Structures are given as C-alpha cells and as structure tokens.
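Dropping input_19.tsv in here (TSV, N, CA and C atoms and all ligand atoms):
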chain	number	residue	atom	x	y	z
G	11	MET	N	-2.25	6.41	20.13
G	11	MET	CA	-1.55	5.67	19.07
G	11	MET	C	-2.44	5.53	17.84
G	12	LYS	N	-1.81	5.51	16.67
G	12	LYS	CA	-2.52	5.30	15.40
G	12	LYS	C	-1.99	4.02	14.75
G	13	LEU	N	-2.84	3.41	13.97
G	13	LEU	CA	-2.40	2.27	13.16
G	13	LEU	C	-2.36	2.72	11.71
G	14	ILE	N	-1.17	2.68	11.13
G	14	ILE	CA	-1.05	2.98	9.70
G	14	ILE	C	-1.06	1.66	8.94
G	15	VAL	N	-1.97	1.57	8.01
G	15	VAL	CA	-2.04	0.42	7.10
G	15	VAL	C	-1.65	0.96	5.73
G	16	ALA	N	-0.57	0.47	5.18
G	16	ALA	CA	-0.09	0.99	3.89
G	16	ALA	C	0.05	-0.17	2.90
G	17	VAL	N	-0.67	-0.06	1.79
G	17	VAL	CA	-0.52	-1.04	0.71
G	17	VAL	C	0.48	-0.46	-0.27
G	18	VAL	N	1.60	-1.15	-0.45
G	18	VAL	CA	2.65	-0.63	-1.32
G	18	VAL	C	3.04	-1.69	-2.35
G	19	GLN	N	3.74	-1.27	-3.37
G	19	GLN	CA	4.19	-2.23	-4.38
G	19	GLN	C	5.37	-3.03	-3.82
G	20	ASP	N	5.43	-4.31	-4.22
G	20	ASP	CA	6.53	-5.18	-3.74
G	20	ASP	C	7.89	-4.55	-4.02
G	21	LYS	N	8.00	-3.88	-5.17
G	21	LYS	CA	9.29	-3.30	-5.58
G	21	LYS	C	9.81	-2.28	-4.58
G	22	ASP	N	8.91	-1.64	-3.86
G	22	ASP	CA	9.32	-0.58	-2.92
G	22	ASP	C	9.36	-1.07	-1.47
G	23	ALA	N	8.78	-2.25	-1.23
G	23	ALA	CA	8.51	-2.67	0.15
G	23	ALA	C	9.79	-2.88	0.97
G	24	THR	N	10.77	-3.57	0.41
G	24	THR	CA	11.97	-3.89	1.19
G	24	THR	C	12.72	-2.63	1.58
G	25	ARG	N	12.87	-1.72	0.61
G	25	ARG	CA	13.59	-0.47	0.88
G	25	ARG	C	12.86	0.37	1.94
G	26	LEU	N	11.55	0.43	1.80
G	26	LEU	CA	10.76	1.20	2.76
G	26	LEU	C	10.86	0.60	4.16
G	27	LEU	N	10.76	-0.72	4.23
G	27	LEU	CA	10.82	-1.40	5.53
G	27	LEU	C	12.17	-1.16	6.19
G	28	GLU	N	13.24	-1.28	5.41
G	28	GLU	CA	14.58	-1.05	5.96
G	28	GLU	C	14.70	0.36	6.51
G	29	LEU	N	14.17	1.32	5.78
G	29	LEU	CA	14.24	2.72	6.22
G	29	LEU	C	13.46	2.92	7.53
G	30	LEU	N	12.24	2.36	7.57
G	30	LEU	CA	11.42	2.51	8.77
G	30	LEU	C	12.10	1.90	9.99
G	31	ILE	N	12.65	0.70	9.80
G	31	ILE	CA	13.29	0.01	10.92
G	31	ILE	C	14.54	0.78	11.37
G	32	SER	N	15.29	1.29	10.37
G	32	SER	CA	16.52	2.04	10.72
G	32	SER	C	16.19	3.30	11.52
G	33	LYS	N	14.98	3.81	11.36
G	33	LYS	CA	14.59	5.01	12.09
G	33	LYS	C	13.86	4.68	13.39
G	34	GLY	N	13.83	3.39	13.72
G	34	GLY	CA	13.28	2.98	15.02
G	34	GLY	C	11.80	2.69	15.02
G	35	TYR	N	11.16	2.65	13.85
G	35	TYR	CA	9.74	2.31	13.80
G	35	TYR	C	9.57	0.80	13.79
G	36	ARG	N	8.41	0.36	14.25
G	36	ARG	CA	8.11	-1.06	14.20
G	36	ARG	C	7.06	-1.30	13.14
G	37	ALA	N	7.20	-2.40	12.44
G	37	ALA	CA	6.25	-2.66	11.35
G	37	ALA	C	6.07	-4.15	11.16
G	38	THR	N	4.92	-4.51	10.67
G	38	THR	CA	4.64	-5.90	10.28
G	38	THR	C	4.34	-5.91	8.79
G	39	LYS	N	5.01	-6.84	8.11
G	39	LYS	CA	4.87	-6.91	6.65
G	39	LYS	C	3.97	-8.10	6.31
G	40	LEU	N	2.92	-7.82	5.57
G	40	LEU	CA	2.01	-8.90	5.15
G	40	LEU	C	2.05	-9.02	3.64
G	41	ALA	N	2.08	-10.26	3.15
G	41	ALA	CA	1.98	-10.48	1.71
G	41	ALA	C	0.51	-10.36	1.34
G	42	SER	N	0.19	-9.46	0.41
G	42	SER	CA	-1.22	-9.25	0.05
G	42	SER	C	-1.38	-9.32	-1.47
G	43	THR	N	-2.61	-9.29	-1.90
G	43	THR	CA	-2.89	-9.37	-3.34
G	43	THR	C	-3.91	-8.29	-3.69
G	44	GLY	N	-3.61	-7.50	-4.71
G	44	GLY	CA	-4.54	-6.46	-5.14
G	44	GLY	C	-5.79	-7.07	-5.74
G	45	GLY	N	-6.93	-6.56	-5.36
G	45	GLY	CA	-8.20	-7.11	-5.84
G	45	GLY	C	-8.40	-6.92	-7.33
G	46	PHE	N	-7.86	-5.86	-7.89
G	46	PHE	CA	-8.06	-5.56	-9.30
G	46	PHE	C	-7.05	-6.29	-10.19
G	47	LEU	N	-5.77	-6.10	-9.91
G	47	LEU	CA	-4.73	-6.71	-10.74
G	47	LEU	C	-4.51	-8.18	-10.40
G	48	ARG	N	-4.94	-8.59	-9.19
G	48	ARG	CA	-4.70	-9.96	-8.69
G	48	ARG	C	-3.22	-10.27	-8.70
G	49	GLU	N	-2.43	-9.25	-8.40
G	49	GLU	CA	-0.98	-9.45	-8.31
G	49	GLU	C	-0.54	-9.16	-6.89
G	50	GLY	N	0.61	-9.71	-6.54
G	50	GLY	CA	1.12	-9.53	-5.19
G	50	GLY	C	1.45	-8.08	-4.90
G	51	ASN	N	1.10	-7.64	-3.72
G	51	ASN	CA	1.61	-6.37	-3.22
G	51	ASN	C	1.91	-6.58	-1.73
G	52	THR	N	2.30	-5.53	-1.07
G	52	THR	CA	2.72	-5.67	0.33
G	52	THR	C	1.89	-4.74	1.19
G	53	THR	N	1.39	-5.26	2.30
G	53	THR	CA	0.66	-4.42	3.25
G	53	THR	C	1.49	-4.31	4.53
G	54	LEU	N	1.76	-3.07	4.92
G	54	LEU	CA	2.52	-2.85	6.15
G	54	LEU	C	1.57	-2.37	7.24
G	55	LEU	N	1.69	-2.95	8.42
G	55	LEU	CA	0.94	-2.51	9.60
G	55	LEU	C	1.94	-1.84	10.54
G	56	MET	N	1.63	-0.63	10.95
G	56	MET	CA	2.57	0.10	11.81
G	56	MET	C	1.81	0.79	12.93
G	57	GLY	N	2.13	0.44	14.14
G	57	GLY	CA	1.59	1.16	15.30
G	57	GLY	C	2.52	2.34	15.58
G	58	ILE	N	1.95	3.54	15.49
G	58	ILE	CA	2.79	4.75	15.51
G	58	ILE	C	2.20	5.78	16.48
G	59	GLU	N	3.06	6.39	17.26
G	59	GLU	CA	2.59	7.47	18.12
G	59	GLU	C	2.05	8.60	17.25
G	60	GLU	N	1.00	9.25	17.75
G	60	GLU	CA	0.27	10.23	16.94
G	60	GLU	C	1.17	11.33	16.38
G	61	ASP	N	2.12	11.78	17.19
G	61	ASP	CA	2.95	12.91	16.73
G	61	ASP	C	4.01	12.49	15.71
G	62	ARG	N	4.10	11.18	15.39
G	62	ARG	CA	5.08	10.74	14.40
G	62	ARG	C	4.43	10.22	13.11
G	63	VAL	N	3.09	10.30	13.08
G	63	VAL	CA	2.37	9.77	11.91
G	63	VAL	C	2.79	10.52	10.62
G	64	ASP	N	2.87	11.84	10.72
G	64	ASP	CA	3.20	12.62	9.52
G	64	ASP	C	4.58	12.26	8.99
G	65	GLU	N	5.52	12.01	9.90
G	65	GLU	CA	6.87	11.64	9.44
G	65	GLU	C	6.83	10.31	8.70
G	66	VAL	N	6.07	9.34	9.26
G	66	VAL	CA	6.00	8.03	8.62
G	66	VAL	C	5.33	8.16	7.24
G	67	VAL	N	4.27	8.94	7.17
G	67	VAL	CA	3.59	9.12	5.87
G	67	VAL	C	4.55	9.75	4.86
G	68	SER	N	5.36	10.70	5.31
G	68	SER	CA	6.28	11.32	4.34
G	68	SER	C	7.40	10.36	3.94
G	69	LEU	N	7.81	9.46	4.84
G	69	LEU	CA	8.80	8.44	4.44
G	69	LEU	C	8.20	7.50	3.39
G	70	ILE	N	6.92	7.13	3.59
G	70	ILE	CA	6.25	6.26	2.61
G	70	ILE	C	6.19	6.98	1.26
G	71	LYS	N	5.80	8.26	1.29
G	71	LYS	CA	5.71	9.03	0.03
G	71	LYS	C	7.06	9.11	-0.66
G	72	ARG	N	8.11	9.23	0.14
G	72	ARG	CA	9.47	9.38	-0.42
G	72	ARG	C	9.94	8.09	-1.10
G	73	GLU	N	9.61	6.95	-0.53
G	73	GLU	CA	10.17	5.68	-1.00
G	73	GLU	C	9.31	4.96	-2.03
G	74	CYS	N	8.03	5.31	-2.13
G	74	CYS	CA	7.13	4.53	-2.98
G	74	CYS	C	6.77	5.30	-4.24
G	75	ARG	N	7.03	4.66	-5.36
G	75	ARG	CA	6.80	5.32	-6.64
G	75	ARG	C	5.54	4.79	-7.32
G	76	SER	N	4.88	5.68	-8.00
G	76	SER	CA	3.74	5.30	-8.81
G	76	SER	C	4.25	4.76	-10.15
G	77	ARG	N	3.64	3.68	-10.65
G	77	ARG	CA	4.11	3.08	-11.91
G	77	ARG	C	2.91	2.76	-12.81
G	78	GLU	N	3.18	2.81	-14.09
G	78	GLU	CA	2.14	2.44	-15.06
G	78	GLU	C	2.22	0.94	-15.30
G	79	GLN	N	1.07	0.32	-15.47
G	79	GLN	CA	1.06	-1.11	-15.75
G	79	GLN	C	-0.02	-1.40	-16.78
G	80	VAL	N	0.32	-2.25	-17.75
G	80	VAL	CA	-0.67	-2.60	-18.77
G	80	VAL	C	-1.31	-3.92	-18.36
G	81	VAL	N	-2.63	-3.94	-18.33
G	81	VAL	CA	-3.35	-5.17	-17.94
G	81	VAL	C	-4.49	-5.42	-18.91
G	82	THR	N	-4.86	-6.68	-19.03
G	82	THR	CA	-6.04	-7.03	-19.80
G	82	THR	C	-7.09	-7.53	-18.82
G	83	PRO	N	-8.05	-6.69	-18.47
G	83	PRO	CA	-9.05	-7.12	-17.47
G	83	PRO	C	-9.85	-8.31	-17.97
G	84	LEU	N	-10.10	-9.27	-17.08
G	84	LEU	CA	-10.87	-10.45	-17.45
G	84	LEU	C	-12.37	-10.17	-17.41
G	85	SER	N	-12.76	-9.06	-16.78
G	85	SER	CA	-14.16	-8.67	-16.75
G	85	SER	C	-14.24	-7.17	-16.99
G	86	PRO	N	-15.39	-6.67	-17.41
G	86	PRO	CA	-15.47	-5.24	-17.74
G	86	PRO	C	-15.24	-4.34	-16.54
G	87	MET	N	-14.58	-3.18	-16.78
G	87	MET	CA	-14.33	-2.23	-15.71
G	87	MET	C	-15.53	-1.30	-15.55
G	88	GLY	N	-16.59	-1.56	-16.23
G	88	GLY	CA	-17.80	-0.72	-16.20
G	88	GLY	C	-18.55	-1.00	-17.48
G	89	GLY	N	-19.83	-0.82	-17.49
G	89	GLY	CA	-20.61	-1.06	-18.70
G	89	GLY	C	-21.10	-2.49	-18.79
G	90	ALA	N	-21.68	-2.83	-19.92
G	90	ALA	CA	-22.37	-4.11	-20.08
G	90	ALA	C	-21.39	-5.25	-20.30
G	91	ALA	N	-21.67	-6.38	-19.64
G	91	ALA	CA	-20.80	-7.54	-19.76
G	91	ALA	C	-21.03	-8.29	-21.07
G	92	ASP	N	-22.25	-8.20	-21.65
G	92	ASP	CA	-22.55	-9.00	-22.84
G	92	ASP	C	-21.77	-8.55	-24.08
G	93	SER	N	-21.44	-7.25	-24.16
G	93	SER	CA	-20.70	-6.76	-25.32
G	93	SER	C	-19.20	-6.60	-25.00
G	94	TYR	N	-18.75	-7.28	-23.97
G	94	TYR	CA	-17.38	-7.06	-23.48
G	94	TYR	C	-16.34	-7.77	-24.35
G	95	VAL	N	-15.36	-7.00	-24.84
G	95	VAL	CA	-14.22	-7.57	-25.57
G	95	VAL	C	-12.96	-7.18	-24.79
G	96	PRO	N	-12.18	-8.18	-24.31
G	96	PRO	CA	-11.02	-7.82	-23.50
G	96	PRO	C	-9.95	-7.11	-24.35
G	97	TYR	N	-9.43	-6.03	-23.86
G	97	TYR	CA	-8.32	-5.36	-24.53
G	97	TYR	C	-7.43	-4.74	-23.46
G	98	PRO	N	-6.11	-4.61	-23.76
G	98	PRO	CA	-5.20	-4.12	-22.73
G	98	PRO	C	-5.47	-2.67	-22.38
G	99	VAL	N	-5.41	-2.37	-21.13
G	99	VAL	CA	-5.56	-0.98	-20.68
G	99	VAL	C	-4.38	-0.66	-19.75
G	100	GLU	N	-4.07	0.64	-19.70
G	100	GLU	CA	-2.97	1.06	-18.84
G	100	GLU	C	-3.55	1.58	-17.53
G	101	VAL	N	-3.05	1.07	-16.43
G	101	VAL	CA	-3.48	1.61	-15.12
G	101	VAL	C	-2.26	2.19	-14.41
G	102	GLN	N	-2.56	3.20	-13.62
G	102	GLN	CA	-1.52	3.84	-12.84
G	102	GLN	C	-1.60	3.22	-11.44
G	103	VAL	N	-0.61	2.39	-11.08
G	103	VAL	CA	-0.61	1.80	-9.75
G	103	VAL	C	0.08	2.79	-8.82
G	104	GLY	N	-0.65	3.20	-7.81
G	104	GLY	CA	-0.15	4.26	-6.94
G	104	GLY	C	1.07	3.85	-6.14
G	105	GLY	N	1.81	4.82	-5.71
G	105	GLY	CA	2.97	4.57	-4.86
G	105	GLY	C	2.55	3.87	-3.58
G	106	ALA	N	1.47	4.32	-2.99
G	106	ALA	CA	1.00	3.68	-1.76
G	106	ALA	C	-0.45	4.09	-1.49
G	107	THR	N	-1.20	3.16	-0.93
G	107	THR	CA	-2.55	3.47	-0.44
G	107	THR	C	-2.45	3.41	1.08
G	108	ILE	N	-2.71	4.55	1.71
G	108	ILE	CA	-2.41	4.67	3.14
G	108	ILE	C	-3.70	4.92	3.93
G	109	PHE	N	-3.91	4.12	4.96
G	109	PHE	CA	-5.03	4.33	5.89
G	109	PHE	C	-4.43	4.65	7.26
G	110	VAL	N	-4.96	5.66	7.92
G	110	VAL	CA	-4.53	5.96	9.28
G	110	VAL	C	-5.74	5.77	10.20
G	111	LEU	N	-5.63	4.80	11.11
G	111	LEU	CA	-6.77	4.46	11.98
G	111	LEU	C	-6.43	4.78	13.44
G	112	THR	N	-7.47	5.15	14.17
G	112	THR	CA	-7.30	5.38	15.60
G	112	THR	C	-7.30	4.04	16.33
G	113	VAL	N	-6.35	3.89	17.23
G	113	VAL	CA	-6.27	2.65	18.02
G	113	VAL	C	-6.91	2.91	19.39
G	114	ASP	N	-7.96	2.18	19.72
G	114	ASP	CA	-8.63	2.37	21.02
G	114	ASP	C	-7.77	1.85	22.16
G	115	ARG	N	-7.10	0.78	21.91
G	115	ARG	CA	-6.32	0.16	22.98
G	115	ARG	C	-5.13	-0.56	22.39
G	116	PHE	N	-3.99	-0.44	23.04
G	116	PHE	CA	-2.77	-1.09	22.56
G	116	PHE	C	-2.09	-1.75	23.75
G	117	GLU	N	-1.84	-3.03	23.65
G	117	GLU	CA	-1.17	-3.74	24.75
G	117	GLU	C	-0.18	-4.71	24.18
G	118	LYS	N	0.90	-4.91	24.92
G	118	LYS	CA	1.83	-5.99	24.58
G	118	LYS	C	1.92	-6.86	25.80
G	119	VAL	N	1.77	-8.15	25.63
G	119	VAL	CA	1.82	-9.02	26.82
G	119	VAL	C	2.98	-10.00	26.69
I	201	LIG	P1	-5.25	-3.44	-7.11
I	201	LIG	O1	-6.63	-3.62	-6.58
I	201	LIG	O2	-4.63	-4.60	-7.82
I	201	LIG	O3	-5.28	-2.16	-8.07
I	201	LIG	C1	-4.16	-1.78	-8.83
I	201	LIG	C2	-4.44	-0.54	-9.62
I	201	LIG	O4	-5.46	-0.79	-10.58
I	201	LIG	C3	-4.99	0.62	-8.76
I	201	LIG	O5	-3.92	1.35	-8.19
I	201	LIG	C4	-5.80	1.41	-9.76
I	201	LIG	O6	-4.97	2.28	-10.52
I	201	LIG	C5	-6.30	0.35	-10.71
I	201	LIG	N1	-7.66	-0.04	-10.40
I	201	LIG	C6	-8.09	-0.67	-9.28
I	201	LIG	N2	-9.41	-0.92	-9.34
I	201	LIG	C7	-9.83	-0.42	-10.53
I	201	LIG	C8	-11.10	-0.37	-11.19
I	201	LIG	N3	-12.18	-0.88	-10.65
I	201	LIG	N4	-11.13	0.22	-12.41
I	201	LIG	C9	-10.03	0.73	-12.97
I	201	LIG	N5	-8.80	0.71	-12.41
I	201	LIG	C10	-8.71	0.13	-11.21
I	201	LIG	P2	-4.09	1.95	-6.75
I	201	LIG	O7	-5.38	2.67	-6.62
I	201	LIG	O8	-2.86	2.74	-6.48
I	201	LIG	O9	-4.14	0.72	-5.75
I	201	LIG	C11	-3.01	-0.11	-5.51
I	201	LIG	C12	-3.40	-1.26	-4.58
I	201	LIG	O10	-3.77	-0.69	-3.31
I	201	LIG	C13	-4.64	-2.03	-5.02
I	201	LIG	O11	-4.26	-3.06	-5.91
I	201	LIG	C14	-5.17	-2.58	-3.71
I	201	LIG	O12	-4.43	-3.72	-3.31
I	201	LIG	C15	-4.86	-1.44	-2.74
I	201	LIG	N6	-5.99	-0.53	-2.58
I	201	LIG	C16	-6.24	0.59	-3.30
I	201	LIG	N7	-7.34	1.22	-2.85
I	201	LIG	C17	-7.80	0.48	-1.82
I	201	LIG	C18	-8.92	0.60	-0.94
I	201	LIG	N8	-9.80	1.64	-1.02
I	201	LIG	N9	-9.10	-0.34	0.01
I	201	LIG	C19	-8.23	-1.37	0.12
I	201	LIG	N10	-7.15	-1.56	-0.69
I	201	LIG	C20	-6.94	-0.64	-1.64
Written as structure tokens, how would this file's structure read?
Ligand code: 2BA
Amino acid sequence: MKLIVAVVQDKDATRLLELLISKGYRATKLASTGGFLREGNTTLLMGIEEDRVDEVVSLIKRECRSREQVVTPLSPMGGAADSYVPYPVEVQVGGATIFVLTVDRFEKV
C-alpha cells in the first residue's frame, strides 16, 4: 500500500473528493494552510493499493488546475531584508503537490 498526500487548492478539493469517493477510493480531507501564502488549502490523505496509484494521480491531475495569484510578500523572497520594499508579485499556485509514500504497515481495528 502507498499513502498519497496531496495538497490541493480549496476550489478543486470538493470536486476531486467527490470523484475519488465515487470511484471507490477512501480519503481523509484535512484543512491546511500554505506556508508561503498563509492561505487555506486542502490536504488529502489516501491509502491506495500500489497498482492504483497512477490512476489516482491522473484523477488529481485532471481535476486540479494551476492558477495565478497576486500576493504582496511580508518578507523578502530572497536577498537582503534591510533594503526590502514590499511589492505585489504574481505566483503560480500549482494544481496539486503530490507525495507518494510507502506504507510499512496498515491496519484497521
Ligand atoms: P504555499 O506555501 O502557500 O505556496 C503557494 C505558492 O506560492 C506555491 O505554489 C509557489 O508557486 C509559491 N511559492 C511558495 N514558496 C515560495 C517561495 N519561497 N518563493 C516564491 N514563491 C513561492 P505551489 O508550489 O504549487 O504550492 C502550493 C501549496 O502546496 C503550498 O502553498 C504548500 O501548502 C504546498 N506545498 C508545495 N510544495 C510543498 C512541499 N515541498 N512540502 C510541503 N508542502 C508543499
């Protein structure tokens, strides 16, 4: 078994979750916050049989869109802090950040 951890945008989370559940997958939805934007996003935990991981990843790719967002960072994204002047920058928030981990042991009691 593998554990898929997927950080997705809130806008895509409900639709993706409904699709996964309708296809018989199990998932846990966690409310999370992006470290950079400090905005809400959604983290899905999914225990998936190894031979179905690719299908789940392609469902995530299908349902999650990348979007541009304008932000004004409160601290510098690189370089010296003393000469820092905040100004809006455009960031591309990805459709999904996906981690696939090996599960050593899985039990339900
Ligand atoms: P955030 O940390 O809020 O990041 C949102 C977007 O801001 C990122 O999109 C990226 O385009 C940009 N960004 C993040 N850190 C940056 C930096 N230091 N300088 C410039 N731009 C920066 P994504 O890369 O698609 O990430 C979307 C969300 O996925 C992240 O929200 C975070 O919650 C999660 N994430 C991404 N990579 C991760 C990782 N390696 N480990 C854990 N969570 C991750």
>> Using all atoms listed in the file for the distances, tell me which of G:Glu49, G:Asp61, G:Glu73, G:Asp114 is nearest to ligand LIG 201 (chain I).
In response: G:Glu49
Per-residue nearest contacts chain G to ligand LIG 201 (chain I), cut-off 7 Å, using all atoms listed in the file, as JSON lines:
{"residue": "G:Val17", "atom": "CA", "partner": "I:LIG201", "partner_atom": "O10", "distance": 5.2}
{"residue": "G:Val18", "atom": "N", "partner": "I:LIG201", "partner_atom": "O10", "distance": 6.1}
{"residue": "G:Ser42", "atom": "C", "partner": "I:LIG201", "partner_atom": "O12", "distance": 6.6}
{"residue": "G:Thr43", "atom": "C", "partner": "I:LIG201", "partner_atom": "O12", "distance": 4.6}
{"residue": "G:Gly44", "atom": "CA", "partner": "I:LIG201", "partner_atom": "O2", "distance": 3.3}
{"residue": "G:Gly45", "atom": "N", "partner": "I:LIG201", "partner_atom": "O1", "distance": 3.2}
{"residue": "G:Phe46", "atom": "N", "partner": "I:LIG201", "partner_atom": "O1", "distance": 2.9}
{"residue": "G:Leu47", "atom": "N", "partner": "I:LIG201", "partner_atom": "O2", "distance": 2.8}
{"residue": "G:Arg48", "atom": "N", "partner": "I:LIG201", "partner_atom": "O2", "distance": 4.2}
{"residue": "G:Glu49", "atom": "N", "partner": "I:LIG201", "partner_atom": "O2", "distance": 5.2}
{"residue": "G:Asn51", "atom": "CA", "partner": "I:LIG201", "partner_atom": "O12", "distance": 6.6}
{"residue": "G:Met87", "atom": "CA", "partner": "I:LIG201", "partner_atom": "N4", "distance": 5.2}
{"residue": "G:Gly88", "atom": "N", "partner": "I:LIG201", "partner_atom": "N4", "distance": 6.9}
{"residue": "G:Val101", "atom": "C", "partner": "I:LIG201", "partner_atom": "O6", "distance": 4.7}
{"residue": "G:Gln102", "atom": "C", "partner": "I:LIG201", "partner_atom": "O6", "distance": 3.6}
{"residue": "G:Val103", "atom": "CA", "partner": "I:LIG201", "partner_atom": "O5", "distance": 3.7}
{"residue": "G:Gly104", "atom": "N", "partner": "I:LIG201", "partner_atom": "O8", "distance": 2.6}
{"residue": "G:Gly105", "atom": "N", "partner": "I:LIG201", "partner_atom": "O8", "distance": 5.2}
{"residue": "G:Ala106", "atom": "C", "partner": "I:LIG201", "partner_atom": "O8", "distance": 5.7}
{"residue": "G:Thr107", "atom": "CA", "partner": "I:LIG201", "partner_atom": "O10", "distance": 5.2}
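Of the residues under consideration (G:Ser76, G:Ala16, G:Thr53, G:Ile58), G:Ile58 shows the shortest atom-to-atom contact distance to G:Arg36 when counting only C-alpha atoms.
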> So which residues of chain G fall under strand (DSSP E) by DSSP, listed as a PyMOL selection string?
Replying inline: chain G and resi 12-18+38-43+50-58+77-81+99-103+106-112
5 Å per side around stretch 108-115 of chain G: axis-aligned box centre and edge lengths, as lines of an AutoDock Vina configuration file:
center_x = -5.5
center_y = 2.7
center_z = 12.3
size_x = 16.2
size_y = 16.5
size_z = 31.3
> Which neighbours of G:Glu100 fall inside 8 Å, counting only N, CA and C atoms, when residues of the same chain fewer than 3 positions from it are skipped, and could you give them as a PyMOL selection string?
Replying inline: chain G and resi 78-82+97+103
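Nearest residue to G:Lys71, choosing from G:Ile14, G:Val95, G:Leu27, G:Ile108 and counting only C-alpha atoms: G:Ile108.
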